[in-house]
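Shown below: upload_24.csv, with CSV, C-alpha atoms.
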chain,number,residue,atom,x,y,z
A,1,MET,CA,-14.2,-9.5,26.9
A,2,LYS,CA,-16.3,-9.5,30.1
A,3,THR,CA,-16.2,-12.9,32.0
A,4,GLY,CA,-19.6,-14.7,31.8
A,5,ALA,CA,-20.7,-12.6,28.8
A,6,LYS,CA,-22.8,-14.6,26.3
A,7,ILE,CA,-21.4,-14.3,22.8
A,8,ARG,CA,-22.1,-16.0,19.5
A,9,LEU,CA,-19.4,-18.7,18.9
A,10,ASN,CA,-18.1,-17.3,15.5
A,11,SER,CA,-17.6,-13.9,17.1
A,12,PHE,CA,-15.8,-15.5,20.1
A,13,LEU,CA,-13.5,-17.4,17.7
A,14,ALA,CA,-12.8,-14.2,15.7
A,15,GLN,CA,-11.8,-12.5,19.0
A,16,CYS,CA,-9.4,-15.3,19.6
A,17,GLY,CA,-7.6,-14.4,16.4
A,18,LEU,CA,-8.8,-17.2,14.2
A,19,GLY,CA,-9.9,-15.0,11.3
A,20,SER,CA,-13.0,-13.3,10.2
A,21,ARG,CA,-16.4,-14.5,11.5
A,22,ARG,CA,-17.1,-16.2,8.1
A,23,LYS,CA,-13.8,-18.0,8.4
A,24,CYS,CA,-14.7,-19.1,11.9
A,25,GLU,CA,-18.1,-20.4,10.7
A,26,GLU,CA,-16.1,-22.7,8.3
A,27,LEU,CA,-14.2,-24.1,11.3
A,28,ILE,CA,-17.5,-24.7,13.1
A,29,ARG,CA,-19.1,-26.4,10.1
A,30,ALA,CA,-16.0,-28.6,9.7
A,31,GLY,CA,-16.4,-29.9,13.3
A,32,ALA,CA,-13.1,-28.4,14.4
A,33,VAL,CA,-14.6,-26.5,17.4
A,34,SER,CA,-15.6,-28.0,20.8
A,35,ILE,CA,-17.2,-26.4,23.9
A,36,ASP,CA,-16.6,-28.3,27.2
A,37,GLY,CA,-15.5,-31.3,25.2
A,38,LYS,CA,-18.5,-31.4,22.9
A,39,THR,CA,-18.1,-30.9,19.1
A,40,ILE,CA,-20.2,-28.0,17.9
A,41,ARG,CA,-21.5,-27.6,14.3
A,42,GLU,CA,-24.5,-25.3,14.9
A,43,LEU,CA,-23.6,-21.8,13.8
A,44,ALA,CA,-26.1,-20.2,16.2
A,45,THR,CA,-24.3,-21.6,19.2
A,46,HIS,CA,-23.4,-19.1,22.0
A,47,VAL,CA,-20.6,-19.4,24.5
A,48,LEU,CA,-20.1,-18.0,28.0
A,49,ALA,CA,-16.8,-16.2,27.9
A,50,GLY,CA,-14.5,-17.3,30.7
A,51,SER,CA,-17.0,-19.9,31.9
A,52,GLN,CA,-16.7,-22.6,29.2
A,53,ALA,CA,-13.7,-24.3,27.7
A,54,VAL,CA,-13.4,-23.7,23.9
A,55,THR,CA,-11.0,-25.7,21.8
A,56,VAL,CA,-10.1,-25.7,18.1
A,57,ARG,CA,-8.7,-28.9,16.8
A,58,GLY,CA,-8.1,-29.9,20.4
A,59,LYS,CA,-6.2,-26.8,21.4
A,60,PRO,CA,-7.6,-24.3,23.9
A,61,VAL,CA,-8.3,-20.8,22.5
A,62,HIS,CA,-8.8,-17.5,24.4
A,63,PRO,CA,-9.7,-14.0,23.3
A,64,ALA,CA,-6.6,-12.0,22.7
A,65,GLY,CA,-5.9,-8.4,23.2
A,66,LYS,CA,-6.8,-6.5,20.0
A,67,ILE,CA,-3.9,-5.9,17.6
A,68,TYR,CA,-4.1,-3.7,14.5
A,69,LEU,CA,-1.1,-3.4,12.2
A,70,LEU,CA,-0.4,-1.5,9.0
A,71,PHE,CA,2.2,-3.4,6.9
A,72,HIS,CA,3.9,-2.4,3.7
A,73,LYS,CA,3.7,-5.6,1.6
A,74,PRO,CA,6.6,-5.8,-0.8
A,75,ALA,CA,6.1,-7.0,-4.4
A,76,GLY,CA,7.1,-10.6,-4.8
A,77,CYS,CA,5.7,-12.0,-1.5
A,78,LEU,CA,2.5,-13.9,-0.9
A,79,CYS,CA,-0.5,-13.2,1.3
A,80,THR,CA,-0.8,-16.7,2.7
A,81,ARG,CA,0.4,-18.7,5.8
A,82,ASP,CA,1.8,-21.6,3.7
A,83,SER,CA,3.4,-20.9,0.4
A,84,ASP,CA,3.9,-24.6,-0.4
A,85,GLY,CA,7.4,-23.8,-1.5
A,86,LYS,CA,6.2,-21.1,-3.9
A,87,GLY,CA,8.2,-18.3,-2.3
A,88,ARG,CA,8.3,-16.1,0.8
A,89,THR,CA,5.1,-14.9,2.5
A,90,ILE,CA,4.2,-11.8,4.5
A,91,TYR,CA,4.5,-13.9,7.7
A,92,ASP,CA,8.2,-14.5,6.9
A,93,LEU,CA,8.7,-10.7,7.3
A,94,LEU,CA,6.7,-10.3,10.5
A,95,PRO,CA,8.0,-10.8,14.1
A,96,PRO,CA,6.9,-14.2,15.6
A,97,GLU,CA,4.4,-12.5,18.0
A,98,PHE,CA,2.4,-11.3,14.9
A,99,ARG,CA,2.2,-14.5,12.9
A,100,ASN,CA,-1.2,-15.4,14.3
A,101,LEU,CA,-2.7,-12.3,12.8
A,102,PHE,CA,-4.8,-12.5,9.6
A,103,TYR,CA,-4.6,-10.1,6.7
A,104,VAL,CA,-7.5,-7.8,5.7
A,105,GLY,CA,-7.9,-7.6,1.9
A,106,ARG,CA,-5.4,-9.8,0.0
A,107,LEU,CA,-2.8,-8.3,-2.4
A,108,ASP,CA,-1.5,-10.5,-5.2
A,109,ARG,CA,2.1,-11.5,-5.3
A,110,GLU,CA,3.3,-8.7,-7.5
A,111,THR,CA,1.3,-5.9,-5.9
A,112,GLU,CA,2.8,-3.9,-3.1
A,113,GLY,CA,1.5,-1.5,-0.6
A,114,LEU,CA,-0.8,-1.1,2.3
A,115,LEU,CA,-2.1,-4.2,4.0
A,116,PHE,CA,-3.9,-4.4,7.4
A,117,LEU,CA,-3.3,-7.3,9.8
A,118,THR,CA,-5.3,-7.9,12.9
A,119,ASN,CA,-6.8,-10.5,15.3
A,120,ASP,CA,-10.1,-8.6,15.4
A,121,GLY,CA,-12.3,-10.5,13.0
A,122,ALA,CA,-15.3,-8.2,13.1
A,123,TRP,CA,-13.1,-5.2,12.4
A,124,GLY,CA,-11.5,-6.9,9.4
A,125,GLU,CA,-14.9,-7.9,8.1
A,126,ARG,CA,-16.2,-4.4,8.2
A,127,ILE,CA,-13.4,-3.3,5.9
A,128,CYS,CA,-13.8,-6.1,3.4
A,129,HIS,CA,-17.5,-6.3,3.1
A,130,PRO,CA,-18.7,-4.9,-0.2
A,131,ARG,CA,-21.7,-3.2,1.3
A,132,ASN,CA,-19.4,-0.8,3.3
A,133,GLU,CA,-17.7,0.4,0.1
A,134,VAL,CA,-14.4,1.3,1.8
A,135,LYS,CA,-12.4,3.5,-0.5
A,136,LYS,CA,-9.0,2.1,-1.6
A,137,ILE,CA,-6.5,4.2,-3.6
A,138,TYR,CA,-3.9,2.7,-5.9
A,139,VAL,CA,-1.2,3.9,-8.2
A,140,ALA,CA,-0.7,1.8,-11.3
A,141,GLU,CA,1.5,1.8,-14.4
A,142,ILE,CA,-0.1,0.4,-17.5
A,143,LEU,CA,1.3,-0.3,-20.9
A,144,GLY,CA,0.3,1.9,-23.7
A,145,ARG,CA,-1.5,5.3,-23.8
A,146,PRO,CA,-5.2,4.8,-23.1
A,147,ASP,CA,-7.6,7.2,-24.8
A,148,ARG,CA,-10.5,8.9,-23.1
A,149,ARG,CA,-12.9,6.3,-24.3
A,150,SER,CA,-10.9,3.4,-22.6
A,151,LEU,CA,-10.8,5.3,-19.3
A,152,LEU,CA,-14.5,5.9,-19.4
A,153,ARG,CA,-15.1,2.2,-20.1
A,154,ALA,CA,-13.0,1.4,-17.0
A,155,VAL,CA,-15.2,3.7,-14.9
A,156,HIS,CA,-18.5,2.6,-16.4
A,157,GLY,CA,-17.7,-1.1,-16.2
A,158,VAL,CA,-16.1,-3.9,-18.2
A,159,ARG,CA,-17.4,-7.5,-18.0
A,160,ASP,CA,-14.7,-10.2,-17.4
A,161,GLU,CA,-15.2,-13.8,-16.2
A,162,GLY,CA,-18.9,-13.2,-15.5
A,163,GLU,CA,-18.2,-10.1,-13.3
A,164,VAL,CA,-18.5,-6.4,-14.0
A,165,LEU,CA,-15.2,-4.7,-13.1
A,166,ARG,CA,-15.0,-0.9,-12.6
A,167,ALA,CA,-13.1,1.8,-11.0
A,168,GLU,CA,-14.8,4.6,-9.1
A,169,SER,CA,-12.4,7.1,-10.6
A,170,ILE,CA,-9.2,7.3,-12.6
A,171,ARG,CA,-6.7,10.2,-12.7
A,172,LEU,CA,-3.7,10.5,-15.0
A,173,LEU,CA,-0.5,11.2,-13.1
A,174,GLN,CA,2.5,13.2,-14.1
A,175,THR,CA,4.9,10.7,-12.6
A,176,LYS,CA,7.3,9.3,-15.2
A,177,PRO,CA,6.6,5.7,-16.0
A,178,SER,CA,9.4,3.1,-16.1
A,179,HIS,CA,8.4,2.0,-19.6
A,180,ARG,CA,8.7,4.4,-22.5
A,181,ASN,CA,5.2,3.5,-23.6
A,182,GLY,CA,3.7,3.4,-20.1
A,183,THR,CA,1.1,5.5,-18.3
A,184,MET,CA,0.8,6.2,-14.6
A,185,LEU,CA,-2.7,6.3,-13.1
A,186,GLU,CA,-4.3,6.9,-9.7
A,187,ILE,CA,-7.2,4.5,-9.4
A,188,ILE,CA,-9.9,4.5,-6.7
A,189,LEU,CA,-11.9,1.3,-6.0
A,190,ARG,CA,-14.9,0.8,-3.6
A,191,GLU,CA,-15.4,-2.9,-3.9
A,192,GLY,CA,-12.1,-4.6,-4.8
A,193,LYS,CA,-12.9,-7.9,-6.5
A,194,LYS,CA,-10.1,-10.4,-7.0
A,195,ARG,CA,-7.3,-8.9,-9.0
A,196,GLU,CA,-9.8,-6.3,-10.2
A,197,ILE,CA,-7.4,-3.6,-11.5
A,198,ARG,CA,-5.2,-6.1,-13.3
A,199,ARG,CA,-8.2,-7.8,-14.9
A,200,LEU,CA,-9.9,-4.5,-15.8
A,201,PHE,CA,-6.9,-3.1,-17.7
A,202,ARG,CA,-6.1,-6.5,-19.3
A,203,ALA,CA,-9.6,-6.5,-20.7
A,204,LEU,CA,-8.9,-3.0,-22.1
A,205,HIS,CA,-5.6,-4.2,-23.7
A,206,HIS,CA,-3.5,-2.1,-21.3
A,207,PRO,CA,-1.9,-4.6,-19.0
A,208,VAL,CA,-0.7,-3.5,-15.5
A,209,VAL,CA,3.1,-3.6,-15.0
A,210,TYR,CA,3.2,-2.0,-11.6
A,211,LEU,CA,0.6,-1.7,-8.8
A,212,LYS,CA,0.7,-0.2,-5.3
A,213,ARG,CA,-2.0,0.3,-2.7
A,214,LEU,CA,-1.5,3.7,-1.1
A,215,GLU,CA,-4.6,4.2,1.1
A,216,THR,CA,-7.6,2.3,2.6
A,217,GLY,CA,-10.5,4.1,4.1
A,218,GLY,CA,-8.5,7.2,4.9
A,219,VAL,CA,-5.5,5.4,6.4
A,220,LYS,CA,-2.4,6.2,4.3
A,221,LEU,CA,0.7,4.1,3.7
A,222,GLY,CA,2.9,7.2,3.8
A,223,SER,CA,6.6,6.8,4.0
A,224,LEU,CA,6.6,3.3,5.5
A,225,LYS,CA,9.2,1.2,3.7
A,226,PRO,CA,8.5,-2.2,2.1
A,227,GLY,CA,8.6,-5.0,4.6
A,228,LYS,CA,8.1,-2.6,7.6
A,229,TRP,CA,5.0,-2.3,9.8
A,230,ARG,CA,3.5,-0.1,12.4
A,231,HIS,CA,0.6,-0.2,14.9
A,232,LEU,CA,-2.5,1.7,13.8
A,233,SER,CA,-3.5,4.6,16.1
A,234,ALA,CA,-6.7,4.5,18.0
A,235,GLU,CA,-8.1,7.1,15.7
A,236,GLU,CA,-7.3,5.1,12.6
A,237,VAL,CA,-8.9,2.0,14.1
A,238,ARG,CA,-12.1,4.0,14.9
A,239,LEU,CA,-12.4,5.0,11.2
A,240,PHE,CA,-13.8,1.5,10.5
Show me, as structure tokens, the structure contained in the file I just sent.
Amino acid sequence: MKTGAKIRLNSFLAQCGLGSRRKCEELIRAGAVSIDGKTIRELATHVLAGSQAVTVRGKPVHPAGKIYLLFHKPAGCLCTRDSDGKGRTIYDLLPPEFRNLFYVGRLDRETEGLLFLTNDGAWGERICHPRNEVKKIYVAEILGRPDRRSLLRAVHGVRDEGEVLRAESIRLLQTKPSHRNGTMLEIILREGKKREIRRLFRALHHPVVYLKRLETGGVKLGSLKPGKWRHLSAEEVRLF
């Protein structure tokens, strides 16, 4: 960031690795942010980079170099910084220098696969915002043998907990399921509501027993092993 550049405070905080711009707005509203010793609560506030002292909860913050990681989240670990004793987290598997990064698009405890981590809040927000309709590809195993009507319902939309859940497309796979009465599917989503695939197939009476995210926006998990990570290439970062 250019010294002396005037930048909106939430964007500045995001560039310091404190989360998405929306998350940083929550910090501002909570009175956790100060500029030159003065507590700031106004979201429209701008800061002069390199010319003003910004603190969060009393600690100085500075824009960090941009980091973009692809991480293979294993099943059984949580996307959270503090598990409250409920099990290991993705941060337990990352080197200490990456534990300030935030994850882009949560995966639930039992879902494995591709997860981005970054300190670039604006970049992460572009991936997550529903209006950008970033394509995500999953492989799932469901119990039972869904008929054509059930799969069409999954694409056209099923209402659950006041939301309409739907897949953009579903393809039957030849992969052998682990359960004798299981079915393997490739599922493409564009939005990704909370636990959408699990809720969608639960509503259709075909509960999900295995779920893995393979691809997000053209970036593929590939052969990366569970618990391992790699830096995204410049070309992959530019996709978003």
Correct to one decimal, the distance CA of Gln174 (chain A)-CA of Pro226 (chain A) is 23.1 Å
Applying 9 Å and all atoms listed in the file, which residues near region 31-36 of chain A remain after dropping the ones on its own chain fewer than 4 positions away? List them as a list in words. Glu26, Leu27, Ile40, Arg41, Val47, Gln52, Ala53, Val54, Thr55, Val56, Arg57 and Gly58 of chain A
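Residue nearest Gly217 (chain A) within the list A:Glu110, A:Glu236, A:Glu125, A:Asp84: A:Glu236 [criterion: smallest interatomic distance, all atoms listed in the file].
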Would you give the centre and edge lengths, in Å to one decimal, of a box along x, y and z around the listed atoms of region 57-76 of chain A, with 5 Å added to each side, as JSON?
{"center_x": -1.3, "center_y": -15.7, "center_z": 9.8, "size_x": 26.8, "size_y": 38.4, "size_z": 39.2}
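The nearest approach to Lys23 (chain A) among the residues A:Gly121, A:Leu211, A:Phe116, A:Tyr103, with all atoms listed in the file taken into account, belongs to A:Gly121.
In this comparison, which uses all atoms listed in the file, the residue of A:Val61, A:Leu172, A:Cys24, A:Leu115 approaching Arg213 (chain A) most closely is A:Leu115.
Using all atoms listed in the file, the shortest contact distance between His231 (chain A) and any of A:Arg22, A:His46, A:Lys66, A:His205 is found at A:Lys66.
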